[in-house]
file work-v5.cif (mmCIF, C-alpha atoms)
data_query
#
loop_
_atom_site.label_atom_id
_atom_site.label_comp_id
_atom_site.auth_asym_id
_atom_site.auth_seq_id
_atom_site.Cartn_x
_atom_site.Cartn_y
_atom_site.Cartn_z
CA MET A 117 138.59 107.78 236.42
CA PRO A 118 135.84 107.16 233.85
CA ILE A 119 132.77 105.52 235.28
CA SER A 120 130.07 103.45 233.63
CA PRO A 121 126.37 104.32 233.46
CA PHE A 122 125.72 101.13 235.45
CA ARG A 123 126.82 103.10 238.48
CA LYS A 124 123.49 104.93 238.49
CA ARG A 125 121.49 101.76 238.92
CA GLY A 126 120.10 100.26 242.14
CA THR A 127 122.13 98.71 244.89
CA GLU A 128 121.05 95.08 244.72
CA PRO A 129 123.92 92.58 245.14
CA GLU A 130 125.81 91.77 241.96
CA THR A 131 126.09 88.26 240.61
CA ALA A 132 129.06 86.77 238.87
CA SER A 133 126.70 85.36 236.25
CA GLY A 134 125.75 88.89 235.23
CA ASP A 135 129.27 89.57 234.02
CA VAL A 136 129.49 86.26 232.22
CA GLU A 137 126.15 86.96 230.57
CA GLU A 138 127.29 90.35 229.27
CA GLN A 139 130.59 89.00 228.10
CA THR A 140 128.93 86.11 226.31
CA ALA A 141 126.55 88.52 224.60
CA ALA A 142 129.56 90.38 223.22
CA GLY A 143 131.33 87.17 222.19
CA GLY A 144 133.95 87.02 224.97
CA PRO A 145 135.54 89.80 227.00
CA GLU A 146 138.65 90.63 224.97
CA ARG A 147 136.73 90.74 221.72
CA VAL A 148 134.96 93.85 222.96
CA ILE A 149 138.09 95.95 222.72
CA LEU A 150 139.45 94.34 219.56
CA SER A 151 138.61 94.78 215.93
CA ARG A 152 140.25 92.87 213.08
CA GLY A 153 143.24 91.95 215.22
CA LEU A 154 143.95 95.46 216.57
CA TYR A 155 142.21 97.62 219.15
CA ALA A 156 138.83 99.02 218.13
CA GLU A 157 138.64 102.75 217.41
CA TRP A 158 136.59 103.63 220.51
CA TYR A 159 139.06 101.81 222.72
CA VAL A 160 142.26 103.17 221.19
CA MET A 161 140.88 106.73 221.40
CA ARG A 162 139.98 106.17 225.02
CA ARG A 163 143.48 104.90 225.74
CA LEU A 164 145.01 107.83 223.86
CA ASN A 165 143.09 110.17 226.14
CA GLU A 166 144.46 108.34 229.19
CA GLU A 167 148.00 108.40 227.80
CA LEU A 168 147.83 112.12 227.01
CA GLU A 169 146.76 112.91 230.56
CA ARG A 170 149.37 110.60 231.98
CA ALA A 171 152.18 112.07 229.87
CA ARG A 172 151.18 115.57 230.90
CA ARG A 173 150.81 114.74 234.58
CA TYR A 174 154.12 112.92 234.95
CA GLU A 175 155.97 114.85 232.24
CA ARG A 176 156.81 111.71 230.30
CA PRO A 177 157.50 111.54 226.56
CA LEU A 178 154.69 110.30 224.33
CA ALA A 179 154.65 109.83 220.57
CA VAL A 180 151.84 108.87 218.24
CA MET A 181 152.27 107.30 214.83
CA LEU A 182 149.71 107.11 212.07
CA ALA A 183 149.78 104.71 209.13
CA GLU A 184 147.48 105.45 206.25
CA PRO A 185 147.01 103.26 203.17
CA MET A 186 147.70 104.95 199.84
CA VAL A 187 144.46 104.78 197.93
CA ILE A 188 145.03 104.38 194.21
CA ALA A 189 142.36 105.67 191.80
CA GLY A 190 139.78 105.90 194.58
CA ARG A 191 139.81 102.15 195.14
CA PRO A 192 139.57 101.26 198.83
CA ALA A 193 142.18 98.92 200.25
CA SER A 194 141.16 95.27 200.31
CA ALA A 195 140.47 93.49 203.59
CA GLU A 196 143.44 91.22 202.91
CA ALA A 197 145.81 94.15 202.39
CA LEU A 198 144.58 95.84 205.56
CA ALA A 199 145.01 92.60 207.49
CA ALA A 200 148.59 92.36 206.23
CA GLY A 201 149.15 95.95 207.42
CA ALA A 202 147.75 95.06 210.83
CA THR A 203 150.02 92.02 211.07
CA ALA A 204 153.04 94.13 210.12
CA ALA A 205 152.07 96.74 212.69
CA GLN A 206 151.83 94.09 215.39
CA ALA A 207 155.16 92.59 214.37
CA SER A 208 156.91 95.96 214.70
CA ALA A 209 155.35 96.97 217.99
CA ARG A 210 157.00 97.00 221.38
CA GLY A 211 155.22 95.48 224.35
CA SER A 212 153.93 98.82 225.61
CA ASP A 213 152.74 100.20 222.25
CA LEU A 214 148.98 100.39 221.70
CA ILE A 215 147.78 99.79 218.16
CA GLY A 216 144.26 100.33 216.89
CA TRP A 217 142.17 101.14 213.86
CA ILE A 218 141.06 104.70 213.15
CA ALA A 219 138.44 105.59 210.54
CA HIS A 220 138.24 101.98 209.31
CA ASP A 221 141.54 101.76 207.40
CA ARG A 222 144.11 103.88 209.26
CA ILE A 223 146.30 102.44 211.97
CA LEU A 224 147.09 104.50 215.05
CA ILE A 225 150.06 103.53 217.18
CA ILE A 226 150.41 105.06 220.64
CA MET A 227 154.02 104.90 221.81
CA PRO A 228 154.42 105.71 225.50
CA GLU A 229 157.85 106.74 226.83
CA THR A 230 159.01 107.58 223.30
CA ASP A 231 160.86 110.80 222.48
CA ALA A 232 161.51 112.42 219.09
CA VAL A 233 164.67 110.42 218.33
CA GLU A 234 163.08 107.09 219.20
CA ALA A 235 159.96 108.04 217.26
CA SER A 236 161.94 108.69 214.07
CA VAL A 237 163.78 105.38 214.44
CA ALA A 238 160.46 103.61 214.99
CA THR A 239 158.91 105.29 211.94
CA ARG A 240 161.71 104.01 209.72
CA ARG A 241 161.38 100.52 211.14
CA TRP A 242 157.60 100.47 210.72
CA ARG A 243 157.81 101.82 207.20
CA ASP A 244 160.27 99.09 206.16
CA GLU A 245 158.28 96.33 207.82
CA MET A 246 154.94 97.41 206.35
CA TRP A 247 156.47 97.85 202.91
CA ARG A 248 158.07 94.39 203.08
CA ARG A 249 154.86 92.69 204.15
CA SER A 250 152.53 94.58 201.84
CA GLN A 251 154.36 93.24 198.80
CA HIS A 252 152.86 89.85 199.56
CA ALA A 253 149.36 91.18 200.14
CA GLY A 254 148.04 93.17 197.23
CA GLY A 255 150.95 95.62 197.13
CA LEU A 256 149.24 98.13 199.41
CA LYS A 257 151.57 101.00 200.29
CA TRP A 258 151.34 102.81 203.61
CA ARG A 259 152.22 106.40 204.41
CA ILE A 260 153.55 106.63 207.93
CA ALA A 261 154.46 109.60 210.08
CA ALA A 262 155.14 110.04 213.77
CA LEU A 263 154.06 112.90 215.97
CA GLU A 264 156.45 113.43 218.83
CA ASP A 265 155.41 115.50 221.86
CA ALA A 266 151.87 114.24 221.47
CA SER A 267 151.03 115.39 224.99
CA THR A 268 151.10 119.03 223.85
CA TYR A 269 147.76 118.47 222.11
CA ALA A 270 144.65 119.21 224.10
CA ASP A 271 142.62 116.12 223.25
CA PRO A 272 142.87 112.85 221.31
CA ALA A 273 140.98 114.15 218.29
CA GLN A 274 143.40 117.08 217.86
CA CYS A 275 146.31 114.74 218.29
CA VAL A 276 145.06 112.38 215.57
CA GLU A 277 144.32 115.32 213.27
CA ALA A 278 147.85 116.65 213.74
CA ALA A 279 149.26 113.19 212.99
CA ARG A 280 147.13 113.04 209.83
CA GLU A 281 148.44 116.43 208.69
CA ARG A 282 151.98 115.21 209.31
CA VAL A 283 151.31 112.12 207.17
CA LEU A 284 149.96 114.24 204.31
CA ARG A 285 152.81 116.76 204.56
CA GLU A 286 155.47 114.07 204.48
CA ALA A 287 153.73 112.38 201.55
CA ALA A 288 153.73 115.67 199.64
CA MET B 175 110.30 80.68 202.90
CA LEU B 176 113.24 79.09 204.63
CA ARG B 177 114.90 82.51 204.94
CA PHE B 178 111.76 83.97 206.47
CA GLY B 179 111.55 81.12 209.00
CA THR B 180 115.21 81.46 210.01
CA LEU B 181 114.92 85.21 210.49
CA ALA B 182 111.68 84.87 212.44
CA LEU B 183 113.33 82.29 214.69
CA ALA B 184 116.37 84.58 215.20
CA ALA B 185 114.11 87.52 216.06
CA ALA B 186 112.04 85.45 218.49
CA THR B 187 115.16 84.08 220.18
CA ALA B 188 116.71 87.53 220.49
CA LEU B 189 113.47 88.99 221.89
CA LEU B 190 113.16 86.14 224.37
CA SER B 191 116.77 86.48 225.55
CA GLY B 192 116.28 90.25 225.75
CA GLY B 193 113.27 89.75 227.99
CA LEU B 194 115.11 87.23 230.16
CA ALA B 195 118.12 89.53 230.47
CA ALA B 196 115.86 92.41 231.47
CA VAL B 197 114.18 90.24 234.12
CA GLU B 198 117.58 89.27 235.51
CA GLY B 199 118.53 92.94 235.68
CA SER B 200 121.21 93.00 233.02
CA ILE B 201 120.92 96.27 231.15
CA ALA B 202 123.73 95.53 228.71
CA GLY B 203 122.40 92.02 228.05
CA ALA B 204 118.89 93.34 227.45
CA SER B 205 120.19 96.19 225.31
CA LEU B 206 122.30 93.88 223.17
CA ALA B 207 119.62 91.23 222.78
CA GLY B 208 116.91 93.83 222.18
CA ALA B 209 119.01 95.57 219.57
CA SER B 210 119.79 92.22 217.94
CA ALA B 211 116.06 91.56 217.78
CA VAL B 212 115.50 94.90 216.07
CA LEU B 213 118.24 94.09 213.58
CA ALA B 214 116.62 90.74 212.78
CA LEU B 215 113.15 92.30 212.44
CA CYS B 216 114.53 94.99 210.13
CA ALA B 217 116.00 92.27 207.96
CA LEU B 218 112.51 90.71 207.86
CA LEU B 219 110.99 93.99 206.72
CA SER B 220 113.49 94.37 203.89
CA ARG B 221 112.19 93.72 200.41
CA ASP B 222 114.60 92.89 197.60
CA GLY B 223 117.50 94.32 199.59
CA LYS B 224 115.78 97.74 199.82
CA ARG B 225 114.65 99.09 203.16
CA PRO B 226 112.16 101.87 203.85
CA PRO B 227 113.75 104.99 205.48
CA ALA B 228 112.05 104.27 208.82
CA VAL B 229 113.51 100.77 208.89
CA GLU B 230 116.88 102.14 207.88
CA ALA B 231 116.78 104.61 210.80
CA LEU B 232 115.73 101.86 213.20
CA LEU B 233 118.51 99.66 211.93
CA GLU B 234 121.07 102.42 212.47
CA LYS B 235 119.83 103.03 216.02
CA ALA B 236 119.91 99.31 216.84
CA ALA B 237 123.48 99.01 215.53
CA GLU B 238 124.44 101.98 217.68
CA GLN B 239 122.88 100.32 220.74
CA VAL B 240 124.75 97.08 220.08
CA GLU B 241 127.98 99.09 219.92
CA THR B 242 127.15 100.89 223.17
CA GLY B 243 126.32 97.58 224.86
CA ARG B 244 129.64 96.12 223.77
CA LYS B 245 131.58 99.05 225.26
CA LEU B 246 129.92 98.57 228.66
CA VAL B 247 131.36 95.07 229.02
CA ILE B 248 134.64 96.50 230.33
CA TYR B 249 132.75 97.67 233.42
CA GLU B 250 131.45 95.75 236.38
CA ARG B 251 127.84 96.78 236.33
CA GLU B 252 127.10 97.04 240.04
CA THR B 253 129.96 99.22 241.18
CA GLY B 254 130.73 101.01 237.91
CA LEU B 255 134.40 100.10 238.35
CA PHE B 256 136.23 98.04 235.76
CA ALA B 257 135.41 94.34 235.40
CA HIS B 258 137.74 91.66 236.72
CA TRP B 259 139.03 90.55 233.29
CA TYR B 260 139.77 94.11 232.25
CA VAL B 261 141.62 95.13 235.39
CA THR B 262 143.72 91.95 235.14
CA LEU B 263 144.56 92.75 231.51
CA ARG B 264 145.49 96.34 232.28
CA GLY B 265 147.33 95.34 235.44
CA GLN B 266 149.61 93.04 233.47
CA GLU B 267 150.11 95.72 230.80
CA GLU B 268 151.17 98.17 233.49
CA CYS B 269 153.58 95.65 235.05
CA ASP B 270 155.24 95.07 231.65
CA ARG B 271 155.52 98.80 231.11
CA ALA B 272 156.90 99.46 234.59
CA GLY B 273 159.52 96.75 234.02
CA ARG B 274 160.50 98.02 230.58
CA TYR B 275 160.85 101.68 231.48
CA LYS B 276 161.85 101.24 235.15
CA ARG B 277 158.85 103.20 236.41
CA PRO B 278 157.19 102.81 239.83
CA LEU B 279 153.90 100.95 240.14
CA ALA B 280 151.71 100.03 243.10
CA ILE B 281 148.69 97.80 243.52
CA VAL B 282 146.20 98.47 246.29
CA VAL B 283 143.68 95.89 247.47
CA ILE B 284 140.68 97.08 249.48
CA GLU B 285 138.21 94.94 251.39
CA PRO B 286 135.49 95.74 253.97
CA THR B 287 136.43 94.65 257.50
CA PRO B 288 134.64 91.47 258.68
CA GLN B 289 132.74 93.46 261.33
CA SER B 290 131.42 96.07 258.91
CA ASP B 291 128.31 96.21 256.74
CA ALA B 292 130.04 94.85 253.65
CA TRP B 293 127.48 96.06 251.08
CA ALA B 294 127.45 99.61 252.39
CA VAL B 295 131.25 99.76 252.62
CA LYS B 296 131.61 98.36 249.10
CA GLU B 297 129.39 101.17 247.87
CA TYR B 298 131.46 103.83 249.68
CA VAL B 299 134.72 102.37 248.40
CA ALA B 300 133.45 102.25 244.81
CA ASN B 301 132.28 105.85 245.10
CA TRP B 302 135.57 106.95 246.58
CA LEU B 303 137.63 105.20 243.92
CA ALA B 304 135.48 106.62 241.12
CA LYS B 305 135.88 110.12 242.52
CA HIS B 306 139.52 110.15 243.56
CA MET B 307 141.40 107.97 241.10
CA ARG B 308 143.58 109.72 238.53
CA ALA B 309 142.98 109.30 234.81
CA ALA B 310 145.81 106.79 234.49
CA ASP B 311 144.70 104.68 237.47
CA VAL B 312 142.70 101.52 236.90
CA ALA B 313 140.27 100.44 239.62
CA GLY B 314 138.24 97.27 239.41
CA TYR B 315 135.82 95.21 241.45
CA LEU B 316 136.75 91.58 241.99
CA GLY B 317 133.64 90.35 243.81
CA ASN B 318 132.98 89.58 247.49
CA GLY B 319 133.41 93.24 248.34
CA ARG B 320 137.04 93.31 247.21
CA CYS B 321 138.35 96.08 245.00
CA VAL B 322 141.77 96.49 243.44
CA ALA B 323 143.43 99.63 242.14
CA VAL B 324 146.44 99.68 239.83
CA LEU B 325 148.39 102.89 240.41
CA PRO B 326 151.01 103.61 237.75
CA GLU B 327 153.84 106.05 238.55
CA THR B 328 153.20 105.47 242.25
CA ASP B 329 155.82 104.24 244.71
CA ALA B 330 155.26 102.77 248.19
CA GLU B 331 155.30 106.18 249.86
CA ALA B 332 152.73 107.67 247.49
CA ALA B 333 150.58 104.54 247.79
CA SER B 334 150.57 104.86 251.58
CA ILE B 335 149.25 108.42 251.18
CA VAL B 336 146.42 107.10 248.98
CA ILE B 337 145.65 104.39 251.55
CA GLY B 338 145.64 106.94 254.38
CA ARG B 339 143.17 109.15 252.51
CA LEU B 340 140.92 106.22 251.67
CA GLN B 341 140.81 104.96 255.24
CA ALA B 342 140.22 108.45 256.60
CA ASP B 343 137.31 109.02 254.20
CA VAL B 344 135.71 105.57 254.15
CA GLY B 345 136.79 103.68 257.29
CA ASP B 346 135.80 100.05 258.01
CA THR B 347 138.20 98.79 255.36
CA ASP B 348 141.26 96.58 255.32
CA VAL B 349 143.69 97.97 252.78
CA ALA B 350 147.05 96.63 251.67
CA CYS B 351 149.41 97.46 248.87
CA SER B 352 152.26 95.88 246.97
CA VAL B 353 154.86 97.62 244.86
CA PHE B 354 156.70 96.75 241.69
CA PRO B 355 159.29 95.16 241.55
CA HIS B 356 159.82 94.58 245.27
CA ASP B 357 156.74 92.38 245.78
CA GLY B 358 156.58 90.87 242.31
CA THR B 359 156.94 91.57 238.63
CA THR B 360 153.58 90.32 237.35
CA PHE B 361 150.08 91.45 238.18
CA ASP B 362 149.27 88.07 239.73
CA GLN B 363 152.32 88.23 242.00
CA LEU B 364 151.58 91.79 243.08
CA TYR B 365 147.92 90.97 243.69
CA GLU B 366 148.86 87.86 245.70
CA ALA B 367 151.31 89.88 247.82
CA ALA B 368 148.69 92.53 248.59
CA ALA B 369 145.98 89.92 249.23
CA ALA B 370 148.29 88.06 251.64
CA ARG B 371 148.79 91.32 253.55
CA ILE B 372 145.03 91.83 253.68
CA ARG B 373 144.63 88.32 255.13
CA GLY B 374 147.36 89.13 257.65
CA VAL B 375 145.57 92.32 258.69
CA ALA B 376 142.24 90.48 259.05
CA ALA B 377 143.86 87.68 261.11
CA ARG B 378 145.51 90.19 263.45
CA VAL B 379 142.18 91.98 264.02
CA ALA B 380 140.37 88.68 264.67
#

call {"tool": "encode", "arguments": {"input": "work-v5.cif", "output": "structure tokens"}}
result
Amino acid sequence: MPISPFRKRGTEPETASGDVEEQTAAGGPERVILSRGLYAEWYVMRRLNEELERARRYERPLAVMLAEPMVIAGRPASAEALAAGATAAQASARGSDLIGWIAHDRILIIMPETDAVEASVATRRWRDEMWRRSQHAGGLKWRIAALEDASTYADPAQCVEAARERVLREAA
Amino acid sequence: MLRFGTLALAAATALLSGGLAAVEGSIAGASLAGASAVLALCALLSRDGKRPPAVEALLEKAAEQVETGRKLVIYERETGLFAHWYVTLRGQEECDRAGRYKRPLAIVVIEPTPQSDAWAVKEYVANWLAKHMRAADVAGYLGNGRCVAVLPETDAEAASIVIGRLQADVGDTDVACSVFPHDGTTFDQLYEAAAARIRGVAARVA
């Protein structure tokens, strides 16, 4: 299990106020792992690492989906359009899916216990939902592709890279 | 002038809170407040929106430190295990997942025995959990020497093996477990069931 650098410190008794103090400094506990309504990149990558190990250890299916905004004429997607994408992603998610931002404007969806068939069904559903919602928020289009058998990749970075390649291939 | 005054006040406040946090022994608090102070001072040094390269580098480092400080909030700083709020959040997530996909799940609650040196035992337990938990396990410290471990994909039999190993290695601990869905379907219910067993064990020993 990952362990924090605090572990290396002295052994004086802890105080409850210490936790509250740290959490207040960060603006409340849950806000630490969230960013613009979804999980922050550092947190979603950390969870992807956990899920990869878990899927391998217990031989469970794991799929990863990546949604990437289509950039037109080099213009970055507006904050409003990205927010609409995030809302659509949340609306389409199951309770156990983990959704977070990657590289500022891409959305990574970790889908535990999801095989290839379920992943393709989910991709269609997500694509429809994000298309429907984006029409009301700047018309941003999203390219979405799922990577089944995600646990075959050695680490989270490779897994995300493979998902990105899949997105680009399907777009082509 | 007003802008200068506001920034100076922000920098002074951040420096003061950084100092106070350092005195109280909070590394993350000091790091965050200190980095905030640097950010405010860098803003002071800016002229017409342009910053010298040294200030730019300092600003980048301070932003990095703020980010690092934020990430540490998921941990309980004394034991290095996860903080109470985080283990509760993950515990509930795991219960939902176990219910949805019909997977086994166990919760283990660990507490030093009343006769033991609680601080020393807490240290051993935290060390043991950090060393022996699997990547998918979530172990947190709840205060008063009590730790909790959420063990996904673990049934009652496997949990009893974990408990046996822990007690053999650490000793001087009361340990109890609860399993999904037999003892409850939410993290609170499972925790309550395990905590009630711990109280039962302590009462029997007394």

call {"tool": "closest_residue", "arguments": {"input": "work-v5.cif", "among": "B:Ala309, B:Leu263, B:Ala237, B:Leu303", "to": "chain A", "atoms": "all atoms listed in the file"}}
result
B:Ala309

call {"tool": "resolve_selection", "arguments": {"input": "work-v5.cif", "expression": "the PyMOL selection byres ((chain B) within 6 of (chain A))", "output": "list in words"}}
result
Gly203, Arg244, Arg251, Glu252, Thr253, Gly254, Arg271, Ala304, Met307, Arg308, Ala309 and Ala310 of chain B

call {"tool": "atom_distance", "arguments": {"input": "work-v5.cif", "atom1": "CA of Met161 (chain A)", "atom2": "CA of Val240 (chain B)"}}
result
18.8 Å

call {"tool": "atom_distance", "arguments": {"input": "work-v5.cif", "atom1": "CA of Ile223 (chain A)", "atom2": "CA of Val247 (chain B)"}}
result
23.8 Å

call {"tool": "atom_distance", "arguments": {"input": "work-v5.cif", "atom1": "CA of Leu279 (chain B)", "atom2": "CA of Val322 (chain B)"}}
result
13.3 Å

call {"tool": "residues_around", "arguments": {"input": "work-v5.cif", "residues": "Ala367 (chain B)", "least_positions_apart": "6", "cutoff": "8 Å", "atoms": "all atoms listed in the file", "output": "tab-separated table (two decimals) with C-alpha atoms, in the coordinates of the input"}}
result
chain	number	residue	atom	x	y	z
B	351	CYS	CA	149.41	97.46	248.87
B	352	SER	CA	152.26	95.88	246.97
B	357	ASP	CA	156.74	92.38	245.78
B	358	GLY	CA	156.58	90.87	242.31

call {"tool": "closest_residue", "arguments": {"input": "work-v5.cif", "among": "A:Ala232, A:Ala199, A:Val180, A:Leu154", "to": "Gln274 (chain A)", "atoms": "only C-alpha atoms"}}
result
A:Val180

call {"tool": "resolve_selection", "arguments": {"input": "work-v5.cif", "expression": "the PyMOL selection byres ((chain A and resi 214) around 7)", "output": "compact mmCIF listing (two decimals) with C-alpha atoms, keeping the file's coordinate frame"}}
result
# COMPACT_ATOMS: atom_id res chain seq x y z
CA SER A 212 153.93 98.82 225.61
CA ASP A 213 152.74 100.20 222.25
CA ILE A 215 147.78 99.79 218.16
CA GLY A 216 144.26 100.33 216.89
CA ILE A 225 150.06 103.53 217.18
CA ILE A 226 150.41 105.06 220.64
CA MET A 227 154.02 104.90 221.81

call {"tool": "closest_residue", "arguments": {"input": "work-v5.cif", "among": "A:Ile218, A:Leu224, A:Ala261, A:Leu164", "to": "Leu178 (chain A)", "atoms": "all atoms listed in the file"}}
result
A:Leu164

call {"tool": "residues_near_point", "arguments": {"input": "work-v5.cif", "point": "(147.9, 95.1, 246.5)", "cutoff": "8 Å", "atoms": "all atoms listed in the file", "output": "MDAnalysis selection string"}}
result
chainID B and resid 280:283 322:323 350:353 364:369

call {"tool": "residues_around", "arguments": {"input": "work-v5.cif", "residues": "Gly265 (chain B)", "least_positions_apart": "2", "cutoff": "9 Å", "atoms": "only C-alpha atoms", "output": "JSON, numbers by chain"}}
result
{"B": [260, 261, 262, 263, 267, 268, 269, 270, 281, 312, 323, 324, 360, 361, 362]}

call {"tool": "write_last_selection", "arguments": {"input": "work-v5.cif", "atoms": "C-alpha atoms", "output": "JSON list (two decimals), keeping the file's coordinate frame"}}
result
[["chain", "number", "residue", "atom", "x", "y", "z"],
["B", 260, "TYR", "CA", 139.77, 94.11, 232.25],
["B", 261, "VAL", "CA", 141.62, 95.13, 235.39],
["B", 262, "THR", "CA", 143.72, 91.95, 235.14],
["B", 263, "LEU", "CA", 144.56, 92.75, 231.51],
["B", 267, "GLU", "CA", 150.11, 95.72, 230.80],
["B", 268, "GLU", "CA", 151.17, 98.17, 233.49],
["B", 269, "CYS", "CA", 153.58, 95.65, 235.05],
["B", 270, "ASP", "CA", 155.24, 95.07, 231.65],
["B", 281, "ILE", "CA", 148.69, 97.80, 243.52],
["B", 312, "VAL", "CA", 142.70, 101.52, 236.90],
["B", 323, "ALA", "CA", 143.43, 99.63, 242.14],
["B", 324, "VAL", "CA", 146.44, 99.68, 239.83],
["B", 360, "THR", "CA", 153.58, 90.32, 237.35],
["B", 361, "PHE", "CA", 150.08, 91.45, 238.18],
["B", 362, "ASP", "CA", 149.27, 88.07, 239.73]]

call {"tool": "resolve_selection", "arguments": {"input": "work-v5.cif", "expression": "the PyMOL selection byres ((chain A and resi 242-252) around 8)", "output": "list of chain:residue names"}}
result
A:Ala197, A:Ala200, A:Gly201, A:Ala204, A:Ala205, A:Ser208, A:Ala238, A:Thr239, A:Arg240, A:Arg241, A:Ala253, A:Gly254, A:Gly255, A:Leu256, A:Lys257, A:Trp258, A:Arg259, A:Ile260

call {"tool": "closest_residue", "arguments": {"input": "work-v5.cif", "among": "B:Leu316, B:Ala292, B:Ala231, B:Ala272", "to": "Glu250 (chain B)", "atoms": "only C-alpha atoms"}}
result
B:Leu316
